[in-house]
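Text of the file target-v9.cif, holding mmCIF, C-alpha atoms and all ligand atoms:
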data_run
#
loop_
_atom_site.label_atom_id
_atom_site.label_comp_id
_atom_site.auth_asym_id
_atom_site.auth_seq_id
_atom_site.Cartn_x
_atom_site.Cartn_y
_atom_site.Cartn_z
CA MET K 1 92.37 110.18 86.10
CA ASN K 2 92.14 107.08 83.98
CA ASP K 3 89.09 106.87 81.67
CA TYR K 4 88.67 103.17 82.34
CA LEU K 5 88.86 103.35 86.15
CA ASP K 6 86.00 103.63 88.67
CA ILE K 7 87.03 104.35 92.26
CA ALA K 8 84.27 103.64 94.80
CA PRO K 9 83.13 106.85 96.59
CA GLU K 10 84.33 105.71 100.03
CA VAL K 11 87.75 104.82 98.62
CA ALA K 12 88.04 108.09 96.69
CA GLN K 13 87.16 110.11 99.81
CA ALA K 14 89.75 108.28 101.92
CA LEU K 15 92.47 108.77 99.30
CA LYS K 16 91.64 112.45 98.95
CA ALA K 17 91.85 112.95 102.72
CA GLY K 18 95.14 111.01 102.96
CA ARG K 19 93.53 108.24 105.01
CA PRO K 20 94.76 104.61 104.74
CA VAL K 21 93.38 102.36 102.00
CA VAL K 22 94.20 98.67 101.43
CA ALA K 23 93.70 96.94 98.07
CA LEU K 24 92.45 93.33 97.89
CA GLU K 25 92.51 90.95 94.91
CA SER K 26 89.65 89.05 93.27
CA THR K 27 91.32 85.96 91.75
CA ILE K 28 91.47 84.65 95.32
CA ILE K 29 87.64 84.99 95.31
CA SER K 30 86.78 83.51 91.90
CA HIS K 31 89.63 81.02 91.51
CA GLY K 32 91.18 80.57 94.94
CA MET K 33 88.37 79.34 97.21
CA PRO K 34 85.01 77.53 96.82
CA TYR K 35 81.64 79.33 96.91
CA PRO K 36 80.20 80.56 99.27
CA ARG K 37 83.27 80.65 101.57
CA ASN K 38 85.08 82.75 98.97
CA ALA K 39 82.54 85.59 99.06
CA ASP K 40 82.02 85.35 102.83
CA THR K 41 85.78 85.47 103.38
CA ALA K 42 86.22 88.46 101.06
CA LEU K 43 83.59 90.38 103.04
CA GLU K 44 85.12 89.33 106.38
CA VAL K 45 88.56 90.47 105.20
CA GLU K 46 87.09 93.85 104.27
CA ALA K 47 85.66 94.04 107.82
CA VAL K 48 89.08 93.23 109.33
CA ILE K 49 90.58 96.13 107.36
CA ARG K 50 87.86 98.51 108.57
CA ASP K 51 88.26 97.31 112.19
CA ASN K 52 91.93 98.19 111.89
CA GLY K 53 91.26 101.74 110.73
CA ALA K 54 91.66 101.50 106.95
CA VAL K 55 89.28 101.46 103.98
CA PRO K 56 89.22 98.27 101.86
CA ALA K 57 89.30 98.47 98.05
CA THR K 58 88.63 95.08 96.51
CA ILE K 59 89.77 95.19 92.89
CA ALA K 60 88.26 93.51 89.81
CA ILE K 61 87.07 94.28 86.29
CA LEU K 62 83.30 94.45 85.85
CA GLY K 63 81.75 94.99 82.42
CA GLY K 64 85.13 96.13 81.14
CA ARG K 65 85.48 98.81 83.85
CA LEU K 66 88.48 98.72 86.21
CA LYS K 67 87.03 98.81 89.74
CA ALA K 68 88.80 99.93 92.91
CA GLY K 69 86.21 99.15 95.58
CA LEU K 70 83.37 96.67 95.08
CA THR K 71 79.87 96.40 96.56
CA GLU K 72 78.79 93.34 98.53
CA ALA K 73 76.67 92.30 95.52
CA ASP K 74 79.74 92.56 93.23
CA ILE K 75 81.76 90.34 95.57
CA ARG K 76 78.98 87.74 95.79
CA ARG K 77 78.65 87.74 92.00
CA LEU K 78 82.39 87.08 91.52
CA GLY K 79 82.31 84.37 94.16
CA GLU K 80 79.31 82.59 92.70
CA ALA K 81 80.59 82.76 89.11
CA GLY K 82 83.92 81.21 90.19
CA HIS K 83 85.98 79.88 87.30
CA ALA K 84 83.49 81.28 84.76
CA VAL K 85 85.12 84.66 85.45
CA ALA K 86 88.38 85.23 83.56
CA LYS K 87 91.58 85.23 85.60
CA VAL K 88 93.23 88.52 84.65
CA SER K 89 96.95 89.19 84.80
CA ARG K 90 98.77 91.97 82.89
CA ARG K 91 98.62 90.33 79.46
CA ASP K 92 94.86 89.62 79.76
CA LEU K 93 93.75 93.05 80.94
CA PRO K 94 93.44 95.05 77.68
CA GLY K 95 91.31 92.35 76.03
CA ILE K 96 88.92 92.14 78.97
CA VAL K 97 88.52 95.92 78.98
CA ALA K 98 87.98 96.07 75.21
CA GLY K 99 85.48 93.21 75.35
CA GLY K 100 83.48 94.78 78.20
CA ALA K 101 83.91 91.56 80.17
CA ASP K 102 84.30 90.68 83.85
CA GLY K 103 87.68 89.73 85.23
CA ALA K 104 89.09 88.50 88.54
CA THR K 105 92.46 90.17 89.00
CA THR K 106 95.59 88.28 90.08
CA VAL K 107 98.27 89.88 92.23
CA ALA K 108 99.73 91.45 89.06
CA GLY K 109 96.34 92.62 87.75
CA THR K 110 95.39 94.01 91.15
CA MET K 111 98.71 95.87 91.53
CA ILE K 112 98.18 97.57 88.16
CA ILE K 113 94.71 98.86 89.05
CA ALA K 114 95.70 99.74 92.64
CA ALA K 115 98.59 101.87 91.36
CA MET K 116 96.28 103.63 88.86
CA ALA K 117 94.04 104.50 91.82
CA ASN K 118 97.08 105.59 93.89
CA ILE K 119 96.61 102.78 96.43
CA ARG K 120 100.05 101.64 97.63
CA VAL K 121 99.33 98.74 100.05
CA PHE K 122 97.69 95.46 99.06
CA ALA K 123 96.86 92.40 101.20
CA THR K 124 96.45 88.87 99.86
CA GLY K 125 97.23 85.23 100.69
CA GLY K 126 100.14 84.17 98.53
CA ILE K 127 101.97 85.53 95.48
CA GLY K 128 102.69 83.69 92.27
CA GLY K 129 106.32 82.78 91.66
CA VAL K 130 108.79 80.53 89.88
CA HIS K 131 107.25 77.09 89.51
CA ARG K 132 109.05 73.87 90.28
CA GLY K 133 110.55 72.62 87.02
CA ALA K 134 110.69 76.16 85.61
CA GLU K 135 114.07 75.30 84.05
CA ARG K 136 112.03 73.09 81.65
CA THR K 137 108.65 74.89 81.48
CA MET K 138 109.72 78.54 81.93
CA ASP K 139 106.65 78.94 84.13
CA VAL K 140 107.34 82.13 86.06
CA SER K 141 104.35 84.11 87.33
CA ALA K 142 103.81 87.58 85.88
CA ASP K 143 103.34 88.65 89.53
CA LEU K 144 107.14 88.78 89.90
CA ASP K 145 107.71 91.16 86.99
CA GLU K 146 104.81 93.30 88.18
CA LEU K 147 106.53 93.57 91.56
CA ALA K 148 109.57 94.87 89.68
CA ARG K 149 107.68 97.59 87.82
CA THR K 150 104.61 98.72 89.81
CA ASP K 151 104.83 100.57 93.11
CA VAL K 152 102.51 98.59 95.39
CA ALA K 153 103.58 96.75 98.56
CA VAL K 154 102.07 93.24 98.68
CA VAL K 155 101.45 91.82 102.16
CA CYS K 156 101.29 88.03 101.82
CA ALA K 157 102.05 84.86 103.79
CA GLY K 158 105.00 84.09 101.52
CA ALA K 159 104.70 81.61 98.67
CA LYS K 160 103.23 78.12 98.65
CA SER K 161 105.66 75.31 98.05
CA ILE K 162 103.70 74.46 94.89
CA LEU K 163 106.42 76.91 93.80
CA ASP K 164 110.19 76.73 93.94
CA ILE K 165 110.72 79.14 96.85
CA PRO K 166 114.52 79.57 96.49
CA LYS K 167 114.18 80.31 92.75
CA THR K 168 111.32 82.73 93.44
CA LEU K 169 113.55 84.68 95.84
CA GLU K 170 116.48 84.59 93.37
CA TYR K 171 114.21 86.06 90.68
CA LEU K 172 112.98 88.83 92.99
CA GLU K 173 116.58 89.61 93.94
CA THR K 174 117.57 89.87 90.26
CA LYS K 175 114.64 92.19 89.60
CA GLY K 176 115.53 94.40 92.57
CA VAL K 177 112.35 93.80 94.56
CA PRO K 178 112.68 94.37 98.33
CA VAL K 179 111.53 91.26 100.22
CA LEU K 180 111.15 91.46 103.96
CA VAL K 181 109.71 89.18 106.55
CA TYR K 182 107.71 90.48 109.47
CA ARG K 183 109.00 89.31 112.87
CA TRP K 184 110.53 86.06 111.56
CA ASP K 185 113.88 84.81 110.24
CA GLU K 186 112.67 82.55 107.43
CA PHE K 187 110.70 83.29 104.30
CA PRO K 188 107.30 81.74 105.10
CA ALA K 189 105.72 78.97 103.00
CA PHE K 190 102.07 80.06 103.26
CA TYR K 191 100.63 77.09 105.22
CA THR K 192 103.71 76.92 107.44
CA SER K 193 105.84 79.71 108.87
CA SER K 194 109.03 77.85 107.96
CA SER K 195 110.33 77.05 104.50
CA GLY K 196 113.95 76.38 105.39
CA VAL K 197 114.88 79.47 103.34
CA PRO K 198 116.32 82.42 105.31
CA ALA K 199 114.48 85.75 105.21
CA PRO K 200 116.24 88.17 102.81
CA ALA K 201 115.55 90.85 105.45
CA ARG K 202 113.57 91.02 108.66
CA MET K 203 111.57 93.94 110.12
CA ASP K 204 109.70 93.94 113.38
CA ASP K 205 107.27 96.82 113.13
CA ALA K 206 104.95 98.38 110.59
CA LYS K 207 106.52 101.80 111.03
CA ALA K 208 109.94 100.49 109.91
CA ILE K 209 108.34 98.82 106.89
CA ALA K 210 106.52 102.04 106.01
CA ALA K 211 109.81 103.97 106.30
CA MET K 212 111.44 101.57 103.81
CA LEU K 213 108.52 101.98 101.36
CA PHE K 214 108.59 105.75 101.79
CA ALA K 215 112.34 105.88 101.13
CA LYS K 216 111.99 103.63 98.08
CA ARG K 217 109.42 105.98 96.63
CA ARG K 218 111.43 109.11 97.38
CA LEU K 219 114.46 107.50 95.73
CA GLY K 220 112.37 107.21 92.57
CA PHE K 221 112.70 103.42 92.44
CA PRO K 222 110.03 101.78 90.34
CA GLY K 223 108.40 98.61 91.57
CA GLY K 224 106.79 97.30 94.69
CA ALA K 225 107.85 95.16 97.63
CA VAL K 226 106.98 91.82 99.17
CA ILE K 227 106.03 92.00 102.84
CA ALA K 228 105.89 88.39 104.03
CA ASN K 229 103.82 87.82 107.16
CA PRO K 230 104.09 84.26 108.51
CA ILE K 231 100.87 82.36 109.21
CA PRO K 232 100.07 82.49 112.97
CA ASN K 233 101.26 79.38 114.84
CA ALA K 234 97.72 78.41 115.83
CA ASN K 235 96.70 78.17 112.16
CA GLU K 236 99.76 76.40 110.72
CA MET K 237 99.40 73.04 109.01
CA ALA K 238 101.51 70.00 109.82
CA PRO K 239 104.44 70.18 107.35
CA ALA K 240 104.28 66.47 106.48
CA VAL K 241 100.56 66.67 105.63
CA ILE K 242 100.74 69.77 103.49
CA ASN K 243 103.98 68.83 101.75
CA GLU K 244 102.64 65.42 100.76
CA ALA K 245 99.51 67.02 99.29
CA ILE K 246 101.59 69.57 97.40
CA ASP K 247 103.98 66.94 95.99
CA ARG K 248 101.02 64.92 94.78
CA ALA K 249 99.30 67.92 93.24
CA VAL K 250 102.51 68.91 91.40
CA ALA K 251 102.91 65.34 90.08
CA GLU K 252 99.29 65.31 88.87
CA ALA K 253 99.75 68.64 87.11
CA GLU K 254 102.76 67.17 85.25
CA ALA K 255 100.89 63.99 84.38
CA THR K 256 97.77 65.74 83.07
CA GLY K 257 99.75 68.29 81.07
CA VAL K 258 98.01 71.36 82.52
CA ARG K 259 99.74 74.49 81.20
CA GLY K 260 99.85 78.26 81.32
CA LYS K 261 97.42 80.24 83.45
CA ASP K 262 95.58 77.04 84.48
CA VAL K 263 98.56 75.65 86.42
CA THR K 264 98.17 77.68 89.62
CA PRO K 265 94.35 77.29 89.94
CA PHE K 266 94.76 73.53 89.29
CA LEU K 267 97.38 73.17 92.02
CA LEU K 268 95.42 75.29 94.51
CA ALA K 269 92.24 73.25 93.98
CA ARG K 270 94.05 69.88 94.23
CA VAL K 271 95.87 70.86 97.43
CA LYS K 272 92.59 71.92 98.97
CA ASP K 273 90.85 68.65 97.96
CA LEU K 274 93.73 66.47 99.16
CA THR K 275 93.83 68.11 102.58
CA GLY K 276 90.08 68.24 103.13
CA GLY K 277 88.87 71.51 104.59
CA ASP K 278 91.96 72.06 106.75
CA SER K 279 93.96 74.01 104.22
CA LEU K 280 90.97 76.27 103.50
CA GLU K 281 90.69 77.22 107.18
CA SER K 282 94.43 77.98 107.34
CA ASN K 283 94.14 79.99 104.14
CA ILE K 284 91.30 82.12 105.51
CA ALA K 285 93.11 82.73 108.81
CA LEU K 286 96.32 83.88 107.14
CA VAL K 287 94.52 86.26 104.78
CA LYS K 288 92.87 87.97 107.77
CA ASN K 289 96.24 88.13 109.52
CA ASN K 290 97.69 89.81 106.42
CA ALA K 291 94.76 92.25 106.27
CA ARG K 292 95.56 93.40 109.83
CA LEU K 293 99.21 94.06 109.06
CA ALA K 294 98.36 95.76 105.76
CA ALA K 295 95.90 98.12 107.49
CA GLU K 296 98.53 99.05 110.06
CA LEU K 297 101.15 99.52 107.34
CA ALA K 298 98.80 101.67 105.23
CA ALA K 299 98.12 103.87 108.28
CA GLU K 300 101.86 104.36 108.95
CA LEU K 301 102.54 105.13 105.30
CA ALA K 302 99.61 107.56 105.09
CA ALA K 303 100.95 109.38 108.19
CA MET K 304 104.41 109.68 106.57
CA GLU K 305 102.95 110.94 103.31
CA ARG K 306 100.86 113.57 105.12
CA GLY K 307 104.14 114.71 106.69
N1 LIG S 1 98.74 81.68 95.25
C1 LIG S 1 97.90 81.42 96.26
N2 LIG S 1 96.59 81.75 96.15
C2 LIG S 1 96.11 82.39 95.03
C3 LIG S 1 97.02 82.68 93.97
C4 LIG S 1 98.31 82.32 94.12
O1 LIG S 1 98.32 80.87 97.25
O2 LIG S 1 94.90 82.68 94.95
C5 LIG S 1 96.52 83.42 92.77
C6 LIG S 1 96.85 84.92 92.90
O3 LIG S 1 95.82 85.67 92.29
C7 LIG S 1 98.13 85.03 92.10
C8 LIG S 1 97.85 84.07 90.98
O4 LIG S 1 98.39 86.33 91.62
O5 LIG S 1 97.20 82.98 91.60
C9 LIG S 1 99.10 83.65 90.26
O6 LIG S 1 98.77 82.97 89.10
P1 LIG S 1 99.94 82.61 88.05
O7 LIG S 1 100.81 81.63 88.76
O8 LIG S 1 99.21 82.00 86.88
O9 LIG S 1 100.64 83.90 87.72
MN MN S 2 102.31 80.53 85.13
#

Reformat the file's structure so that it appears as structure tokens.
Amino acid sequence: MNDYLDIAPEVAQALKAGRPVVALESTIISHGMPYPRNADTALEVEAVIRDNGAVPATIAILGGRLKAGLTEADIRRLGEAGHAVAKVSRRDLPGIVAGGADGATTVAGTMIIAAMANIRVFATGGIGGVHRGAERTMDVSADLDELARTDVAVVCAGAKSILDIPKTLEYLETKGVPVLVYRWDEFPAFYTSSSGVPAPARMDDAKAIAAMLFAKRRLGFPGGAVIANPIPNANEMAPAVINEAIDRAVAEAEATGVRGKDVTPFLLARVKDLTGGDSLESNIALVKNNARLAAELAAELAAMERG
């Protein structure tokens, strides 16, 4: 066991008994949504996971300790502190630990801590990826390299078109990361089920996805997988509305010269402001939809691992 890691008692018991556990990230709380909807949503997503038979493990760094499983008070604290909490990806993690600080973990940061805790399924909204204009800026999210090296399956609603979706999929292909879409033939674009980009692979039930993950592990392949779950039709945004907001947000990011780890939070906040509350409601709905699939997937995988 890792000296820096605290696994919540409920999570530890479930893991020991071979029961399903689903990891959740905390950057989506501190940097991805406004307070208090961020904290309320995080707690509701935990409830969705419980209702679907799995134990939630929200992941963050608190006082320099890596946490797998937070209390309600921890979640409210991260939500209220918002951008005052550091956004922690792989390169940030050792410094936050050494400094005894708090950190909200990105997809990459969450995967690292989930894997240390032996949690293999993780639900979130969207992953980071290759940004538009990356041929000039080289802005490629560390989430993609983490997917290539750390064995955690990330259930998401695809990638927002703040990113270059075709380049993101090319990068994942180069890195050997399995990408499959649940019950749909296109890679989903977060707010919309369609992106115009074909699904690299399609699977129609959680048991088949679990079998792929199980085989990958038994083959000794490092790295995780992207399980893309399209936003439900009832919660989709109108493509013209969301794409106009995204194009504007990307242009503003260029014009203001925002760089590095601030780019994604800037774009997320601008898209939300430009679309009023609509994009926030869609975002919340798709995260819950991902939590349901992740709980089912974790249960199938746990059953396979028990034999
Ligand atoms: N995309 C979203 N919502 C999010 C993020 C991305 O639609 O909240 C967050 C996730 O935590 C993701 C991180 O891991 O942003 C990626 O940041 P960057 O692009 O700086 O790697
Ligand atoms: Mn970046």

Task: K:Asn283, K:Asn290, K:Asn52, K:Thr174 ranked by distance to ligand LIG 1 (chain S), top pick (using only C-alpha atoms and all ligand atoms) - done: K:Asn283

- [ ] For ligand LIG 1 (chain S), collect every residue having any atom at a distance of at most 10 Å from a ligand atom (counting all atoms listed in the file); output as a VMD selection string.
- [x] chain K and resid 25 to 33 87 to 90 104 to 111 124 to 131 139 to 144 156 to 163 189 to 191 259 to 269 283 287

TODO: Kindly give the distance, in Å, that separates atom CA of Thr58 of chain K and atom CA of Ala123 of chain K, rounded to a single decimal.
DONE: 9.8 Å

TODO: Could you jot down the atom CA of Lys272 of chain K to atom CA of Ala249 of chain K separation for me, Å, one decimal place?
DONE: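 Between these atoms lies a distance of 9.7 Å.
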
TODO: Take atom CA of Ala101 of chain K and atom CA of Gly64 of chain K and report the distance between them in Å, one decimal.
DONE: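 Calculated distance between atom CA of Ala101 of chain K and atom CA of Gly64 of chain K is 4.8 Å.
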
Open item on the list: Between K:Ala298, K:Gly276, K:Pro94, K:Ala81, which residue has the minimum interatomic distance to Ala211 of chain K, considering all atoms listed in the file?
Closed with: K:Ala298

Open item on the list: Could you list, as a ChimeraX atom specification, every residue within 12 Å of Ala14 of chain K, counting only C-alpha atoms and ignoring same-chain residues fewer than 3 positions away?
Closed with: /K:7-11,17-22,50,53-57,69,117-119,298-299,302

Open item on the list: Just checking: using all atoms listed in the file, which residue out of K:Ile113, K:Ala303, K:Val258, K:Ala294 ends up closest to ligand MN 2 (chain S)?
Closed with: K:Val258

Centre and edges of the segment 11-16 of chain K box, axis-aligned, 6 Å extra per side, as JSON:
{"center_x": 89.8, "center_y": 108.6, "center_z": 99.3, "size_x": 17.3, "size_y": 19.6, "size_z": 17.2}

Would you mind listing what lies within 8 Å of Gly82 of chain K as a tab-separated table (two decimals) with C-alpha atoms, in the frame of the given file, with all atoms listed in the file counted and same-chain residues fewer than 2 positions away left out?
chain	number	residue	atom	x	y	z
K	29	ILE	CA	87.64	84.99	95.31
K	30	SER	CA	86.78	83.51	91.90
K	31	HIS	CA	89.63	81.02	91.51
K	34	PRO	CA	85.01	77.53	96.82
K	35	TYR	CA	81.64	79.33	96.91
K	78	LEU	CA	82.39	87.08	91.52
K	79	GLY	CA	82.31	84.37	94.16
K	80	GLU	CA	79.31	82.59	92.70
K	84	ALA	CA	83.49	81.28	84.76
K	85	VAL	CA	85.12	84.66	85.45

Open item on the list: Considering all atoms listed in the file, can you say which of K:Leu274, K:Glu300, K:Val179, K:Ala148 comes closest to Phe214 of chain K?
Closed with: K:Glu300

Output segment 43-54 of chain K as a PDB file, in the frame of the given file, making sure all heavy atoms are there.
ATOM      1  N   LEU K  43      84.309  89.358 102.257  1.00  0.00           N
ATOM      2  CA  LEU K  43      83.590  90.380 103.040  1.00  0.00           C
ATOM      3  C   LEU K  43      84.154  90.469 104.459  1.00  0.00           C
ATOM      4  O   LEU K  43      84.285  91.566 105.018  1.00  0.00           O
ATOM      5  CB  LEU K  43      82.093  90.072 103.058  1.00  0.00           C
ATOM      6  CG  LEU K  43      81.437  90.189 101.665  1.00  0.00           C
ATOM      7  CD1 LEU K  43      80.055  89.550 101.654  1.00  0.00           C
ATOM      8  CD2 LEU K  43      81.351  91.659 101.227  1.00  0.00           C
ATOM      9  N   GLU K  44      84.521  89.320 105.036  1.00  0.00           N
ATOM     10  CA  GLU K  44      85.120  89.330 106.380  1.00  0.00           C
ATOM     11  C   GLU K  44      86.491  90.026 106.362  1.00  0.00           C
ATOM     12  O   GLU K  44      86.832  90.746 107.307  1.00  0.00           O
ATOM     13  CB  GLU K  44      85.284  87.890 106.900  1.00  0.00           C
ATOM     14  CG  GLU K  44      83.963  87.237 107.290  1.00  0.00           C
ATOM     15  CD  GLU K  44      84.047  85.708 107.394  1.00  0.00           C
ATOM     16  OE1 GLU K  44      85.169  85.168 107.542  1.00  0.00           O
ATOM     17  OE2 GLU K  44      82.989  85.058 107.286  1.00  0.00           O
ATOM     18  N   VAL K  45      87.246  89.823 105.307  1.00  0.00           N
ATOM     19  CA  VAL K  45      88.560  90.470 105.200  1.00  0.00           C
ATOM     20  C   VAL K  45      88.380  91.982 105.082  1.00  0.00           C
ATOM     21  O   VAL K  45      89.119  92.759 105.703  1.00  0.00           O
ATOM     22  CB  VAL K  45      89.370  89.878 104.022  1.00  0.00           C
ATOM     23  CG1 VAL K  45      90.625  90.692 103.751  1.00  0.00           C
ATOM     24  CG2 VAL K  45      89.730  88.423 104.313  1.00  0.00           C
ATOM     25  N   GLU K  46      87.387  92.404 104.336  1.00  0.00           N
ATOM     26  CA  GLU K  46      87.090  93.850 104.270  1.00  0.00           C
ATOM     27  C   GLU K  46      86.775  94.382 105.674  1.00  0.00           C
ATOM     28  O   GLU K  46      87.222  95.469 106.051  1.00  0.00           O
ATOM     29  CB  GLU K  46      85.908  94.119 103.325  1.00  0.00           C
ATOM     30  CG  GLU K  46      86.271  93.954 101.852  1.00  0.00           C
ATOM     31  CD  GLU K  46      85.318  94.721 100.934  1.00  0.00           C
ATOM     32  OE1 GLU K  46      84.215  95.096 101.389  1.00  0.00           O
ATOM     33  OE2 GLU K  46      85.702  94.944  99.770  1.00  0.00           O
ATOM     34  N   ALA K  47      86.015  93.604 106.456  1.00  0.00           N
ATOM     35  CA  ALA K  47      85.660  94.040 107.820  1.00  0.00           C
ATOM     36  C   ALA K  47      86.901  94.133 108.709  1.00  0.00           C
ATOM     37  O   ALA K  47      87.020  95.062 109.521  1.00  0.00           O
ATOM     38  CB  ALA K  47      84.632  93.077 108.421  1.00  0.00           C
ATOM     39  N   VAL K  48      87.839  93.195 108.542  1.00  0.00           N
ATOM     40  CA  VAL K  48      89.080  93.230 109.330  1.00  0.00           C
ATOM     41  C   VAL K  48      89.837  94.535 109.016  1.00  0.00           C
ATOM     42  O   VAL K  48      90.358  95.205 109.922  1.00  0.00           O
ATOM     43  CB  VAL K  48      89.967  92.005 109.029  1.00  0.00           C
ATOM     44  CG1 VAL K  48      91.365  92.172 109.616  1.00  0.00           C
ATOM     45  CG2 VAL K  48      89.322  90.725 109.550  1.00  0.00           C
ATOM     46  N   ILE K  49      89.866  94.902 107.749  1.00  0.00           N
ATOM     47  CA  ILE K  49      90.580  96.130 107.360  1.00  0.00           C
ATOM     48  C   ILE K  49      89.901  97.359 107.982  1.00  0.00           C
ATOM     49  O   ILE K  49      90.565  98.238 108.532  1.00  0.00           O
ATOM     50  CB  ILE K  49      90.689  96.204 105.833  1.00  0.00           C
ATOM     51  CG1 ILE K  49      91.728  95.166 105.393  1.00  0.00           C
ATOM     52  CG2 ILE K  49      91.065  97.607 105.356  1.00  0.00           C
ATOM     53  CD1 ILE K  49      91.836  94.948 103.930  1.00  0.00           C
ATOM     54  N   ARG K  50      88.592  97.393 107.941  1.00  0.00           N
ATOM     55  CA  ARG K  50      87.860  98.510 108.570  1.00  0.00           C
ATOM     56  C   ARG K  50      88.106  98.547 110.081  1.00  0.00           C
ATOM     57  O   ARG K  50      88.337  99.616 110.648  1.00  0.00           O
ATOM     58  CB  ARG K  50      86.349  98.342 108.354  1.00  0.00           C
ATOM     59  CG  ARG K  50      85.897  98.690 106.978  1.00  0.00           C
ATOM     60  CD  ARG K  50      84.360  98.555 106.892  1.00  0.00           C
ATOM     61  NE  ARG K  50      83.985  98.210 105.540  1.00  0.00           N
ATOM     62  CZ  ARG K  50      84.012  99.058 104.526  1.00  0.00           C
ATOM     63  NH1 ARG K  50      84.363 100.312 104.713  1.00  0.00           N
ATOM     64  NH2 ARG K  50      83.686  98.655 103.317  1.00  0.00           N
ATOM     65  N   ASP K  51      88.045  97.374 110.728  1.00  0.00           N
ATOM     66  CA  ASP K  51      88.260  97.310 112.190  1.00  0.00           C
ATOM     67  C   ASP K  51      89.640  97.812 112.568  1.00  0.00           C
ATOM     68  O   ASP K  51      89.874  98.208 113.707  1.00  0.00           O
ATOM     69  CB  ASP K  51      88.107  95.868 112.702  1.00  0.00           C
ATOM     70  CG  ASP K  51      86.671  95.377 112.632  1.00  0.00           C
ATOM     71  OD1 ASP K  51      85.765  96.213 112.440  1.00  0.00           O
ATOM     72  OD2 ASP K  51      86.462  94.153 112.758  1.00  0.00           O
ATOM     73  N   ASN K  52      90.568  97.741 111.620  1.00  0.00           N
ATOM     74  CA  ASN K  52      91.930  98.190 111.890  1.00  0.00           C
ATOM     75  C   ASN K  52      92.205  99.579 111.298  1.00  0.00           C
ATOM     76  O   ASN K  52      93.354  99.956 111.077  1.00  0.00           O
ATOM     77  CB  ASN K  52      92.932  97.139 111.403  1.00  0.00           C
ATOM     78  CG  ASN K  52      92.960  95.933 112.339  1.00  0.00           C
ATOM     79  OD1 ASN K  52      93.679  95.926 113.329  1.00  0.00           O
ATOM     80  ND2 ASN K  52      92.122  94.941 112.068  1.00  0.00           N
ATOM     81  N   GLY K  53      91.136 100.311 111.023  1.00  0.00           N
ATOM     82  CA  GLY K  53      91.260 101.740 110.730  1.00  0.00           C
ATOM     83  C   GLY K  53      91.550 102.107 109.290  1.00  0.00           C
ATOM     84  O   GLY K  53      91.895 103.257 109.012  1.00  0.00           O
ATOM     85  N   ALA K  54      91.418 101.170 108.355  1.00  0.00           N
ATOM     86  CA  ALA K  54      91.660 101.500 106.950  1.00  0.00           C
ATOM     87  C   ALA K  54      90.405 101.201 106.124  1.00  0.00           C
ATOM     88  O   ALA K  54      89.467 100.570 106.609  1.00  0.00           O
ATOM     89  CB  ALA K  54      92.856 100.720 106.415  1.00  0.00           C
TER      90      ALA K  54
END
